[in-house]
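**Student:** This is work.pdb (PDB, C-alpha atoms).
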ATOM      1  CA  MET A 566      -6.428  29.851 -22.136
ATOM      2  CA  LYS A 567      -9.124  27.450 -21.064
ATOM      3  CA  ALA A 568      -8.356  25.199 -24.003
ATOM      4  CA  MET A 569      -4.691  25.208 -23.040
ATOM      5  CA  SER A 570      -5.354  24.084 -19.479
ATOM      6  CA  ARG A 571      -7.626  21.363 -20.750
ATOM      7  CA  LEU A 572      -4.905  20.238 -23.128
ATOM      8  CA  HIS A 573      -2.464  20.184 -20.214
ATOM      9  CA  GLN A 574      -4.821  17.938 -18.264
ATOM     10  CA  PHE A 575      -4.958  15.415 -21.056
ATOM     11  CA  ALA A 576      -1.329  15.508 -22.107
ATOM     12  CA  ASN A 577      -0.032  14.298 -18.779
ATOM     13  CA  PRO A 578      -2.293  11.279 -18.340
ATOM     14  CA  MET A 579      -1.373  10.317 -21.913
ATOM     15  CA  ARG A 580       2.343  10.414 -21.154
ATOM     16  CA  PHE A 581       1.627   8.567 -17.922
ATOM     17  CA  ALA A 582      -0.197   5.816 -19.820
ATOM     18  CA  ARG A 583       2.860   5.208 -21.999
ATOM     19  CA  LEU A 584       5.235   5.297 -19.038
ATOM     20  CA  SER A 585       3.118   2.961 -16.904
ATOM     21  CA  GLN A 586       2.794   0.581 -19.844
ATOM     22  CA  ALA A 587       6.600   0.399 -20.022
ATOM     23  CA  ILE A 588       7.161   0.003 -16.265
ATOM     24  CA  LEU A 589       4.372  -2.489 -15.469
ATOM     25  CA  PRO A 590       5.800  -5.717 -16.982
ATOM     26  CA  TRP A 591       9.113  -5.155 -15.156
ATOM     27  CA  ALA A 592       7.426  -4.320 -11.866
ATOM     28  CA  ILE A 593       5.176  -7.390 -12.138
ATOM     29  CA  GLY A 594       8.146  -9.655 -12.917
ATOM     30  CA  LEU A 595      10.140  -8.171 -10.061
ATOM     31  CA  THR A 596       7.242  -8.638  -7.617
ATOM     32  CA  VAL A 597       6.791 -12.309  -8.547
ATOM     33  CA  VAL A 598      10.509 -13.180  -8.430
ATOM     34  CA  LEU A 599      11.251 -11.263  -5.203
ATOM     35  CA  MET A 600       8.127 -12.654  -3.514
ATOM     36  CA  ALA A 601       9.080 -16.243  -4.468
ATOM     37  CA  VAL A 602      12.700 -15.848  -3.307
ATOM     38  CA  GLY A 603      11.675 -14.014  -0.139
ATOM     39  CA  LEU A 604       9.024 -16.582   0.815
ATOM     40  CA  TYR A 605      11.374 -19.531   0.250
ATOM     41  CA  TRP A 606      14.212 -17.847   2.120
ATOM     42  CA  GLY A 607      11.997 -16.687   4.988
ATOM     43  CA  LEU A 608       9.910 -19.838   5.428
ATOM     44  CA  VAL A 609      12.463 -22.561   4.609
ATOM     45  CA  VAL A 610      16.088 -21.406   4.571
ATOM     46  CA  SER A 611      16.240 -18.834   7.392
ATOM     47  CA  PRO A 612      16.898 -20.235  10.891
ATOM     48  CA  VAL A 613      14.522 -20.281  13.856
ATOM     49  CA  ASP A 614      15.105 -17.638  16.528
ATOM     50  CA  TYR A 615      16.681 -18.951  19.736
ATOM     51  CA  GLN A 616      13.997 -17.208  21.806
ATOM     52  CA  GLN A 617      11.012 -16.939  19.465
ATOM     53  CA  GLY A 618      11.314 -20.230  17.591
ATOM     54  CA  ASP A 619       9.399 -20.335  14.308
ATOM     55  CA  THR A 620       7.212 -17.331  15.167
ATOM     56  CA  VAL A 621      10.132 -15.173  13.999
ATOM     57  CA  ARG A 622       9.000 -16.044  10.449
ATOM     58  CA  ILE A 623       5.989 -13.784  10.977
ATOM     59  CA  MET A 624       8.554 -10.957  10.795
ATOM     60  CA  TYR A 625       8.972 -11.485   7.031
ATOM     61  CA  VAL A 626       5.415 -10.301   6.397
ATOM     62  CA  HIS A 627       4.868  -8.128   9.485
ATOM     63  CA  VAL A 628       7.866  -5.807   9.112
ATOM     64  CA  PRO A 629       7.582  -5.215   5.327
ATOM     65  CA  ALA A 630       3.843  -4.525   5.770
ATOM     66  CA  ALA A 631       4.559  -2.044   8.575
ATOM     67  CA  TRP A 632       7.340  -0.299   6.622
ATOM     68  CA  MET A 633       5.156  -0.050   3.530
ATOM     69  CA  ALA A 634       2.221   1.219   5.629
ATOM     70  CA  MET A 635       4.380   4.217   6.591
ATOM     71  CA  PHE A 636       6.092   4.573   3.194
ATOM     72  CA  THR A 637       2.720   4.623   1.425
ATOM     73  CA  TYR A 638       1.422   7.277   3.803
ATOM     74  CA  VAL A 639       4.435   9.526   3.163
ATOM     75  CA  PHE A 640       3.989   8.947  -0.589
ATOM     76  CA  MET A 641       0.295   9.837  -0.291
ATOM     77  CA  ALA A 642       1.033  12.987   1.731
ATOM     78  CA  ALA A 643       3.775  14.082  -0.698
ATOM     79  CA  ALA A 644       1.494  13.519  -3.693
ATOM     80  CA  SER A 645      -1.288  15.411  -1.872
ATOM     81  CA  ALA A 646       1.064  18.331  -1.250
ATOM     82  CA  ALA A 647       2.085  18.343  -4.928
ATOM     83  CA  GLY A 648      -1.595  18.288  -5.869
ATOM     84  CA  LEU A 649      -2.375  21.241  -3.587
ATOM     85  CA  ILE A 650       0.617  23.337  -4.667
ATOM     86  CA  TRP A 651       0.943  22.651  -8.398
ATOM     87  CA  ARG A 652      -2.604  21.448  -9.112
ATOM     88  CA  HIS A 653      -1.137  18.603 -11.092
ATOM     89  CA  PRO A 654      -4.033  16.224 -11.808
ATOM     90  CA  LEU A 655      -1.791  13.137 -11.700
ATOM     91  CA  ALA A 656      -0.624  14.003  -8.171
ATOM     92  CA  ASP A 657      -4.184  13.834  -6.819
ATOM     93  CA  ILE A 658      -4.778  10.624  -8.738
ATOM     94  CA  ALA A 659      -1.585   9.099  -7.328
ATOM     95  CA  ALA A 660      -2.536  10.018  -3.751
ATOM     96  CA  LYS A 661      -6.084   8.688  -4.123
ATOM     97  CA  SER A 662      -4.838   5.465  -5.731
ATOM     98  CA  ALA A 663      -2.245   4.832  -3.016
ATOM     99  CA  ALA A 664      -4.685   5.063  -0.084
ATOM    100  CA  PRO A 665      -6.379   1.627  -0.299
ATOM    101  CA  ILE A 666      -2.962  -0.038  -0.779
ATOM    102  CA  GLY A 667      -1.646   1.735   2.320
ATOM    103  CA  ALA A 668      -4.762   0.777   4.277
ATOM    104  CA  GLY A 669      -4.174  -2.845   3.227
ATOM    105  CA  PHE A 670      -0.540  -2.754   4.389
ATOM    106  CA  THR A 671      -1.562  -1.176   7.717
ATOM    107  CA  PHE A 672      -4.315  -3.734   8.284
ATOM    108  CA  LEU A 673      -1.786  -6.489   7.537
ATOM    109  CA  ALA A 674       0.756  -5.024   9.974
ATOM    110  CA  LEU A 675      -1.908  -4.910  12.722
ATOM    111  CA  VAL A 676      -3.220  -8.431  12.122
ATOM    112  CA  THR A 677       0.178 -10.127  11.776
ATOM    113  CA  GLY A 678       1.333  -8.155  14.817
ATOM    114  CA  ALA A 679      -1.554  -9.585  16.849
ATOM    115  CA  LEU A 680      -0.751 -13.081  15.559
ATOM    116  CA  TRP A 681       2.855 -12.592  16.658
ATOM    117  CA  GLY A 682       1.960 -10.905  19.948
ATOM    118  CA  GLN A 683      -0.308 -13.676  21.198
ATOM    119  CA  PRO A 684       2.360 -16.453  21.287
ATOM    120  CA  MET A 685       5.282 -14.153  22.247
ATOM    121  CA  TRP A 686       3.788 -11.510  24.564
ATOM    122  CA  GLY A 687       0.778 -13.529  25.711
ATOM    123  CA  THR A 688      -1.667 -10.955  24.318
ATOM    124  CA  TRP A 689      -3.160 -10.034  20.937
ATOM    125  CA  TRP A 690      -3.199  -6.330  21.702
ATOM    126  CA  VAL A 691      -1.887  -3.676  24.096
ATOM    127  CA  TRP A 692      -2.807   0.012  24.077
ATOM    128  CA  ASP A 693       0.799   1.166  23.907
ATOM    129  CA  GLY A 694       2.366   3.893  21.787
ATOM    130  CA  ARG A 695       3.362   1.718  18.822
ATOM    131  CA  LEU A 696       0.167  -0.283  18.400
ATOM    132  CA  THR A 697      -2.101   2.704  19.049
ATOM    133  CA  SER A 698      -0.263   5.006  16.617
ATOM    134  CA  VAL A 699      -0.429   2.330  13.888
ATOM    135  CA  LEU A 700      -4.161   1.921  14.555
ATOM    136  CA  ILE A 701      -4.485   5.712  14.122
ATOM    137  CA  LEU A 702      -2.599   5.375  10.817
ATOM    138  CA  PHE A 703      -5.205   2.831   9.702
ATOM    139  CA  PHE A 704      -8.025   5.229  10.640
ATOM    140  CA  LEU A 705      -6.257   8.080   8.793
ATOM    141  CA  TYR A 706      -6.293   5.977   5.625
ATOM    142  CA  LEU A 707      -9.993   5.160   6.113
ATOM    143  CA  GLY A 708     -10.821   8.826   6.800
ATOM    144  CA  TYR A 709      -8.872   9.906   3.722
ATOM    145  CA  MET A 710     -10.780   7.408   1.562
ATOM    146  CA  ALA A 711     -14.121   8.455   3.104
ATOM    147  CA  LEU A 712     -13.411  12.121   2.298
ATOM    148  CA  TRP A 713     -12.953  11.260  -1.386
ATOM    149  CA  GLN A 714     -16.356   9.560  -1.281
ATOM    150  CA  ALA A 715     -18.018  12.476   0.516
ATOM    151  CA  TYR A 716     -17.754  14.968  -2.379
ATOM    152  CA  ASP A 717     -19.186  14.721  -5.866
ATOM    153  CA  GLU A 718     -16.646  17.100  -7.365
ATOM    154  CA  PRO A 719     -13.114  15.662  -7.591
ATOM    155  CA  ALA A 720     -11.595  19.152  -7.168
ATOM    156  CA  LYS A 721     -13.272  19.685  -3.787
ATOM    157  CA  ALA A 722     -12.686  16.123  -2.629
ATOM    158  CA  SER A 723      -8.996  16.195  -3.508
ATOM    159  CA  ARG A 724      -8.499  19.413  -1.518
ATOM    160  CA  ALA A 725     -10.211  18.137   1.632
ATOM    161  CA  ALA A 726      -8.511  14.738   1.423
ATOM    162  CA  ALA A 727      -5.097  16.309   0.768
ATOM    163  CA  ILE A 728      -5.382  18.489   3.876
ATOM    164  CA  LEU A 729      -6.233  15.441   6.005
ATOM    165  CA  ALA A 730      -3.284  13.522   4.502
ATOM    166  CA  LEU A 731      -0.908  16.405   5.310
ATOM    167  CA  VAL A 732      -2.156  16.875   8.874
ATOM    168  CA  GLY A 733      -1.915  13.121   9.487
ATOM    169  CA  VAL A 734       1.712  12.901   8.350
ATOM    170  CA  VAL A 735       2.751  13.999  11.857
ATOM    171  CA  ASN A 736       1.734  10.490  12.953
ATOM    172  CA  VAL A 737       4.536   8.856  10.915
ATOM    173  CA  PRO A 738       7.483  10.009  13.085
ATOM    174  CA  ILE A 739       5.338   9.268  16.158
ATOM    175  CA  ILE A 740       5.018   5.651  14.965
ATOM    176  CA  HIS A 741       8.760   5.393  14.343
ATOM    177  CA  TYR A 742       9.842   6.848  17.707
ATOM    178  CA  SER A 743       6.920   5.444  19.758
ATOM    179  CA  VAL A 744       9.012   2.476  20.908
ATOM    180  CA  GLU A 745      11.641   4.854  22.318
ATOM    181  CA  TRP A 746       9.304   7.460  23.805
ATOM    182  CA  TRP A 747       6.882   5.181  25.629
ATOM    183  CA  ASN A 748       7.123   1.991  27.608
ATOM    184  CA  THR A 749       6.001  -0.864  25.369
ATOM    185  CA  LEU A 750       6.021  -4.582  24.726
ATOM    186  CA  HIS A 751       7.078  -3.869  21.146
ATOM    187  CA  GLN A 752      10.771  -4.267  20.444
ATOM    188  CA  PRO A 753      12.768  -1.227  19.280
ATOM    189  CA  ALA A 754      14.065  -0.884  15.728
ATOM    190  CA  SER A 755      16.700  -3.449  14.785
ATOM    191  CA  VAL A 756      17.233  -2.561  11.110
ATOM    192  CA  LEU A 757      16.700   1.190  10.594
ATOM    193  CA  LYS A 758      18.840   2.470  13.441
ATOM    194  CA  ILE A 759      22.041   4.320  14.178
ATOM    195  CA  GLY A 760      25.043   1.985  14.018
ATOM    196  CA  GLY A 761      23.489  -0.320  11.412
ATOM    197  CA  PRO A 762      21.252  -3.376  11.693
ATOM    198  CA  SER A 763      21.628  -5.604  14.756
ATOM    199  CA  ILE A 764      19.866  -8.534  13.112
ATOM    200  CA  ASP A 765      21.752 -11.549  11.762
ATOM    201  CA  PRO A 766      22.302 -11.595   7.954
ATOM    202  CA  SER A 767      20.507 -14.981   7.763
ATOM    203  CA  MET A 768      17.334 -13.120   8.793
ATOM    204  CA  LEU A 769      18.162  -9.654   7.431
ATOM    205  CA  TRP A 770      18.448 -10.835   3.810
ATOM    206  CA  PRO A 771      15.038 -12.524   3.517
ATOM    207  CA  LEU A 772      13.546  -9.525   5.361
ATOM    208  CA  LEU A 773      15.049  -7.034   2.899
ATOM    209  CA  ILE A 774      13.993  -9.157  -0.099
ATOM    210  CA  MET A 775      10.424  -9.347   1.197
ATOM    211  CA  ALA A 776      10.483  -5.576   1.784
ATOM    212  CA  LEU A 777      11.587  -5.043  -1.842
ATOM    213  CA  ALA A 778       8.893  -7.459  -3.009
ATOM    214  CA  PHE A 779       6.254  -5.434  -1.129
ATOM    215  CA  ASN A 780       7.678  -2.271  -2.702
ATOM    216  CA  ALA A 781       7.472  -3.686  -6.237
ATOM    217  CA  TYR A 782       3.938  -4.893  -5.468
ATOM    218  CA  PHE A 783       3.033  -1.344  -4.407
ATOM    219  CA  VAL A 784       4.277   0.046  -7.747
ATOM    220  CA  VAL A 785       2.247  -2.535  -9.715
ATOM    221  CA  VAL A 786      -1.052  -1.992  -7.893
ATOM    222  CA  LEU A 787      -0.537   1.792  -7.763
ATOM    223  CA  LEU A 788      -0.095   1.973 -11.565
ATOM    224  CA  TRP A 789      -3.177  -0.194 -12.151
ATOM    225  CA  ARG A 790      -5.264   1.932  -9.802
ATOM    226  CA  MET A 791      -3.995   5.197 -11.334
ATOM    227  CA  ARG A 792      -4.896   4.017 -14.830
ATOM    228  CA  SER A 793      -8.324   3.005 -13.570
ATOM    229  CA  GLU A 794      -8.818   6.424 -11.928
ATOM    230  CA  ILE A 795      -7.787   8.254 -15.125
ATOM    231  CA  LEU A 796     -10.342   6.190 -17.058
ATOM    232  CA  ALA A 797     -13.023   6.990 -14.462
ATOM    233  CA  ARG A 798     -12.422  10.723 -14.949
ATOM    234  CA  ARG A 799     -12.504  10.380 -18.721
ATOM    235  CA  ILE A 800     -15.794   8.459 -18.475
ATOM    236  CA  HIS A 801     -17.118  11.244 -16.240
ATOM    237  CA  ILE A 802     -16.173  13.910 -18.840
ATOM    238  CA  VAL A 803     -17.768  11.950 -21.706
ATOM    239  CA  LEU A 804     -20.984  11.498 -19.717
ATOM    240  CA  MET A 805     -21.049  15.217 -18.813
ATOM    241  CA  GLN A 806     -20.529  16.229 -22.448
ATOM    242  CA  ARG A 807     -23.311  13.921 -23.439
ATOM    243  CA  ALA A 808     -25.671  15.319 -20.820
ATOM    244  CA  ALA A 809     -24.861  18.849 -22.029
ATOM    245  CA  SER A 810     -25.490  18.127 -25.718
TER     246      SER A 810
ATOM    247  CA  MET B1321       8.787 -31.959   5.653
ATOM    248  CA  SER B1322       6.266 -32.423   8.477
ATOM    249  CA  GLY B1323       8.403 -30.063  10.584
ATOM    250  CA  PHE B1324       7.982 -27.356   7.962
ATOM    251  CA  PHE B1325       4.196 -27.341   8.262
ATOM    252  CA  GLU B1326       4.235 -27.631  12.054
ATOM    253  CA  MET B1327       6.449 -24.546  12.485
ATOM    254  CA  GLY B1328       7.694 -25.806  15.858
ATOM    255  CA  GLY B1329       4.156 -25.876  17.257
ATOM    256  CA  TYR B1330       3.385 -22.288  16.169
ATOM    257  CA  GLU B1331       1.771 -23.308  12.870
ATOM    258  CA  ALA B1332      -1.556 -21.604  13.689
ATOM    259  CA  TYR B1333       0.134 -18.200  14.131
ATOM    260  CA  VAL B1334       2.712 -18.449  11.326
ATOM    261  CA  TRP B1335       0.372 -19.810   8.637
ATOM    262  CA  SER B1336      -2.472 -17.461   9.637
ATOM    263  CA  SER B1337      -0.086 -14.528   9.155
ATOM    264  CA  TYR B1338       0.947 -15.683   5.690
ATOM    265  CA  ALA B1339      -2.659 -16.519   4.769
ATOM    266  CA  MET B1340      -3.796 -13.025   5.804
ATOM    267  CA  ALA B1341      -0.976 -11.489   3.754
ATOM    268  CA  ALA B1342      -2.050 -13.553   0.725
ATOM    269  CA  ILE B1343      -5.716 -12.598   1.147
ATOM    270  CA  VAL B1344      -5.004  -8.853   1.467
ATOM    271  CA  LEU B1345      -2.381  -8.640  -1.314
ATOM    272  CA  VAL B1346      -4.248 -10.855  -3.809
ATOM    273  CA  GLY B1347      -7.559  -9.225  -2.868
ATOM    274  CA  LEU B1348      -6.202  -5.747  -3.687
ATOM    275  CA  VAL B1349      -4.923  -7.014  -7.038
ATOM    276  CA  VAL B1350      -8.300  -8.573  -7.917
ATOM    277  CA  VAL B1351     -10.322  -5.504  -6.911
ATOM    278  CA  SER B1352      -7.962  -3.087  -8.707
ATOM    279  CA  LEU B1353      -7.777  -5.101 -11.934
ATOM    280  CA  ARG B1354     -11.518  -5.670 -11.996
ATOM    281  CA  SER B1355     -12.280  -1.951 -11.791
ATOM    282  CA  LEU B1356      -9.622  -1.216 -14.438
ATOM    283  CA  ARG B1357     -11.100  -3.749 -16.880
ATOM    284  CA  ALA B1358     -14.680  -2.578 -16.205
ATOM    285  CA  ARG B1359     -13.780   1.066 -16.867
ATOM    286  CA  GLU B1360     -11.816   0.186 -20.000
ATOM    287  CA  ALA B1361     -14.906  -1.599 -21.325
ATOM    288  CA  GLN B1362     -17.242   1.245 -20.308
ATOM    289  CA  LEU B1363     -15.103   3.936 -21.970
ATOM    290  CA  LYS B1364     -14.766   1.864 -25.125
ATOM    291  CA  ALA B1365     -18.544   1.406 -25.294
ATOM    292  CA  LEU B1366     -19.109   5.143 -24.763
ATOM    293  CA  GLU B1367     -16.614   6.099 -27.471
ATOM    294  CA  GLU B1368     -18.137   3.661 -29.958
ATOM    295  CA  ASP B1369     -21.528   5.097 -29.096
ATOM    296  CA  GLN B1370     -20.238   8.596 -29.827
ATOM    297  CA  LYS B1371     -18.802   7.499 -33.164
ATOM    298  CA  GLY B1372     -22.188   6.036 -34.024
ATOM    299  CA  ASP B1373     -23.882   9.344 -33.138
ATOM    300  CA  ALA B1374     -21.470  11.375 -35.290
ATOM    301  CA  SER B1375     -21.983   9.385 -38.479
TER     302      SER B1375
END
Before we go any further, please render this structure as structure tokens.
**Tutor:**
Amino acid sequence: MKAMSRLHQFANPMRFARLSQAILPWAIGLTVVLMAVGLYWGLVVSPVDYQQGDTVRIMYVHVPAAWMAMFTYVFMAAASAAGLIWRHPLADIAAKSAAPIGAGFTFLALVTGALWGQPMWGTWWVWDGRLTSVLILFFLYLGYMALWQAYDEPAKASRAAAILALVGVVNVPIIHYSVEWWNTLHQPASVLKIGGPSIDPSMLWPLLIMALAFNAYFVVVLLWRMRSEILARRIHIVLMQRAAS
Amino acid sequence: MSGFFEMGGYEAYVWSSYAMAAIVLVGLVVVSLRSLRAREAQLKALEEDQKGDAS
């Protein structure tokens, strides 16, 4: 029985290695092409905004970063839930590997937001619902990563971190609806809303392409980090066996 | 082309945003790949060590 469960643990990472090997070249190619097209379209082809001038181009990094910050968190929480319920080792590895990428996206959304806020709102920062809830998202990522570091045993760490990820998921709808619930300088949604996007196609297209580029980038870095994490666990097992013998 | 770099007078904000994006995204790639390569090398060394012990 014990041998079977050990076999199960190894079989899945092996299948994952083959699958990730097949996906990676396509995901890398897609990231490079979409990023190049999106940057050219957003920085050169797309028009200036009649109110915001060229600062509107900050949108092409700010909005994809903010979307991916939330998407990555939901991914991490879903993987954590799968890890808690089915004890699938790859689920924990996926959640752990996604966290630094999500923290990076969130940091980027905050910084580019400040760089957009200063010229357009006259301030780098306001303590309103949207900005504060995104800052909390950033701290949730950092807390999640710190919990993994706090335990020596992966089994204990994954449990504690997964519970934090699941509790924190309540913050995601708060971020989305914050601009409707509370008075804010931040504009409401103009793409993901009832009645369809209210943004001109000349700006919507480069925005969507950049969002896809960020998504492909996420897949690439996630697969690299997952492979690295699987190797770390294998190294750990080899070292333990060696210490025992 | 000078207009492109000036960004209508907002060049400091626009280019800082894109520079930050480049630093974060490229930085994550570098850190992730470096740890992957280091662990690949470490595991390979350990396995070769084990083979040496067995024979």
**Student:** Residue by residue, what does the PyMOL selection byres ((chain A and resi 711-724) around 12) grab here? Present the result as a PyMOL selection string.
**Tutor:** chain A and resi 641-642+644-650+652-662+664-665+704-710+725-731+794-795+797-798+801-802
**Student:** If you measure from atom CA of A:Ala781 to atom CA of A:Leu599, what distance in Å do you get, rounded to one decimal?
**Tutor:**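 These atoms are spaced 8.5 Å apart.
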**Student:** Report as a PDB file with C-alpha atoms, in the frame of the given file the set of chain A residues whose atoms approach chain B to within 8 Å, with distances computed over all atoms listed in the file.
**Tutor:**
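Written output follows (part_19.pdb):
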ATOM      1  CA  VAL A 609      12.463 -22.561   4.609  1.00  0.00           C
ATOM      2  CA  GLY A 618      11.314 -20.230  17.591  1.00  0.00           C
ATOM      3  CA  ASP A 619       9.399 -20.335  14.308  1.00  0.00           C
ATOM      4  CA  THR A 620       7.212 -17.331  15.167  1.00  0.00           C
ATOM      5  CA  ARG A 622       9.000 -16.044  10.449  1.00  0.00           C
ATOM      6  CA  ILE A 623       5.989 -13.784  10.977  1.00  0.00           C
ATOM      7  CA  VAL A 626       5.415 -10.301   6.397  1.00  0.00           C
ATOM      8  CA  ILE A 666      -2.962  -0.038  -0.779  1.00  0.00           C
ATOM      9  CA  GLY A 669      -4.174  -2.845   3.227  1.00  0.00           C
ATOM     10  CA  LEU A 673      -1.786  -6.489   7.537  1.00  0.00           C
ATOM     11  CA  VAL A 676      -3.220  -8.431  12.122  1.00  0.00           C
ATOM     12  CA  THR A 677       0.178 -10.127  11.776  1.00  0.00           C
ATOM     13  CA  LEU A 680      -0.751 -13.081  15.559  1.00  0.00           C
ATOM     14  CA  TRP A 681       2.855 -12.592  16.658  1.00  0.00           C
ATOM     15  CA  PRO A 684       2.360 -16.453  21.287  1.00  0.00           C
ATOM     16  CA  VAL A 786      -1.052  -1.992  -7.893  1.00  0.00           C
ATOM     17  CA  TRP A 789      -3.177  -0.194 -12.151  1.00  0.00           C
ATOM     18  CA  ARG A 790      -5.264   1.932  -9.802  1.00  0.00           C
ATOM     19  CA  ARG A 792      -4.896   4.017 -14.830  1.00  0.00           C
ATOM     20  CA  SER A 793      -8.324   3.005 -13.570  1.00  0.00           C
ATOM     21  CA  LEU A 796     -10.342   6.190 -17.058  1.00  0.00           C
ATOM     22  CA  ALA A 797     -13.023   6.990 -14.462  1.00  0.00           C
ATOM     23  CA  ARG A 799     -12.504  10.380 -18.721  1.00  0.00           C
ATOM     24  CA  ILE A 800     -15.794   8.459 -18.475  1.00  0.00           C
ATOM     25  CA  VAL A 803     -17.768  11.950 -21.706  1.00  0.00           C
TER      26      VAL A 803
END
**Student:** What's the separation between atom CA of A:Phe636 and atom CA of A:Pro738, in Å to one decimal place?
**Tutor:** 11.4 Å
**Student:** Go ahead and find all residues with at least one atom no further than 6 Å from (1.9, 7.1, 14.0) in the file's coordinates, using only C-alpha atoms; report them as a ChimeraX atom specification.
**Tutor:** /A:698-699,702,736-737,739-740
**Student:** Measuring between only C-alpha atoms, which one of A:Ala754, A:Ala592, A:Val602, A:Met685 shows the shortest distance to A:Trp770?
**Tutor:**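 Result for the nearest residue to A:Trp770: A:Val602.
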**Student:** Some atoms are absent from stretch 784-790 of chain A, so rebuild all heavy atoms and return them as an mmCIF file, keeping the file's coordinate frame.
**Tutor:**
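result08.cif written:
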data_model
loop_
_atom_site.group_PDB
_atom_site.id
_atom_site.type_symbol
_atom_site.label_atom_id
_atom_site.label_comp_id
_atom_site.auth_asym_id
_atom_site.auth_seq_id
_atom_site.Cartn_x
_atom_site.Cartn_y
_atom_site.Cartn_z
ATOM 1 N N VAL A 784 4.175 -0.641 -6.450
ATOM 2 C CA VAL A 784 4.277 0.046 -7.747
ATOM 3 C C VAL A 784 3.258 -0.538 -8.726
ATOM 4 O O VAL A 784 2.540 0.204 -9.406
ATOM 5 C CB VAL A 784 5.715 -0.067 -8.305
ATOM 6 C CG1 VAL A 784 5.778 0.447 -9.736
ATOM 7 C CG2 VAL A 784 6.690 0.707 -7.418
ATOM 8 N N VAL A 785 3.168 -1.873 -8.780
ATOM 9 C CA VAL A 785 2.247 -2.535 -9.715
ATOM 10 C C VAL A 785 0.805 -2.109 -9.450
ATOM 11 O O VAL A 785 0.102 -1.628 -10.354
ATOM 12 C CB VAL A 785 2.369 -4.078 -9.601
ATOM 13 C CG1 VAL A 785 1.264 -4.753 -10.407
ATOM 14 C CG2 VAL A 785 3.736 -4.541 -10.076
ATOM 15 N N VAL A 786 0.356 -2.261 -8.203
ATOM 16 C CA VAL A 786 -1.052 -1.992 -7.893
ATOM 17 C C VAL A 786 -1.335 -0.493 -8.010
ATOM 18 O O VAL A 786 -2.406 -0.092 -8.473
ATOM 19 C CB VAL A 786 -1.430 -2.549 -6.508
ATOM 20 C CG1 VAL A 786 -2.892 -2.270 -6.192
ATOM 21 C CG2 VAL A 786 -1.166 -4.046 -6.454
ATOM 22 N N LEU A 787 -0.356 0.343 -7.633
ATOM 23 C CA LEU A 787 -0.537 1.792 -7.763
ATOM 24 C C LEU A 787 -0.772 2.165 -9.225
ATOM 25 O O LEU A 787 -1.693 2.931 -9.537
ATOM 26 C CB LEU A 787 0.698 2.531 -7.225
ATOM 27 C CG LEU A 787 0.625 4.056 -7.349
ATOM 28 C CD1 LEU A 787 -0.323 4.646 -6.302
ATOM 29 C CD2 LEU A 787 2.000 4.697 -7.219
ATOM 30 N N LEU A 788 0.046 1.627 -10.142
ATOM 31 C CA LEU A 788 -0.095 1.973 -11.565
ATOM 32 C C LEU A 788 -1.445 1.498 -12.108
ATOM 33 O O LEU A 788 -2.109 2.227 -12.852
ATOM 34 C CB LEU A 788 1.064 1.387 -12.381
ATOM 35 C CG LEU A 788 2.439 2.016 -12.110
ATOM 36 C CD1 LEU A 788 3.517 1.327 -12.923
ATOM 37 C CD2 LEU A 788 2.432 3.507 -12.428
ATOM 38 N N TRP A 789 -1.857 0.295 -11.712
ATOM 39 C CA TRP A 789 -3.177 -0.194 -12.151
ATOM 40 C C TRP A 789 -4.281 0.730 -11.669
ATOM 41 O O TRP A 789 -5.190 1.098 -12.419
ATOM 42 C CB TRP A 789 -3.435 -1.607 -11.616
ATOM 43 C CG TRP A 789 -2.770 -2.696 -12.389
ATOM 44 C CD1 TRP A 789 -2.362 -2.642 -13.689
ATOM 45 C CD2 TRP A 789 -2.444 -4.008 -11.917
ATOM 46 N NE1 TRP A 789 -1.790 -3.849 -14.037
ATOM 47 C CE2 TRP A 789 -1.832 -4.695 -12.973
ATOM 48 C CE3 TRP A 789 -2.607 -4.653 -10.692
ATOM 49 C CZ2 TRP A 789 -1.380 -6.015 -12.855
ATOM 50 C CZ3 TRP A 789 -2.164 -5.966 -10.567
ATOM 51 C CH2 TRP A 789 -1.565 -6.634 -11.637
ATOM 52 N N ARG A 790 -4.209 1.095 -10.388
ATOM 53 C CA ARG A 790 -5.264 1.932 -9.802
ATOM 54 C C ARG A 790 -5.266 3.327 -10.416
ATOM 55 O O ARG A 790 -6.327 3.917 -10.620
ATOM 56 C CB ARG A 790 -5.104 2.028 -8.282
ATOM 57 C CG ARG A 790 -5.261 0.708 -7.547
ATOM 58 C CD ARG A 790 -5.410 0.906 -6.058
ATOM 59 N NE ARG A 790 -6.710 1.449 -5.752
ATOM 60 C CZ ARG A 790 -7.798 0.712 -5.540
ATOM 61 N NH1 ARG A 790 -7.716 -0.603 -5.570
ATOM 62 N NH2 ARG A 790 -8.937 1.279 -5.282
#
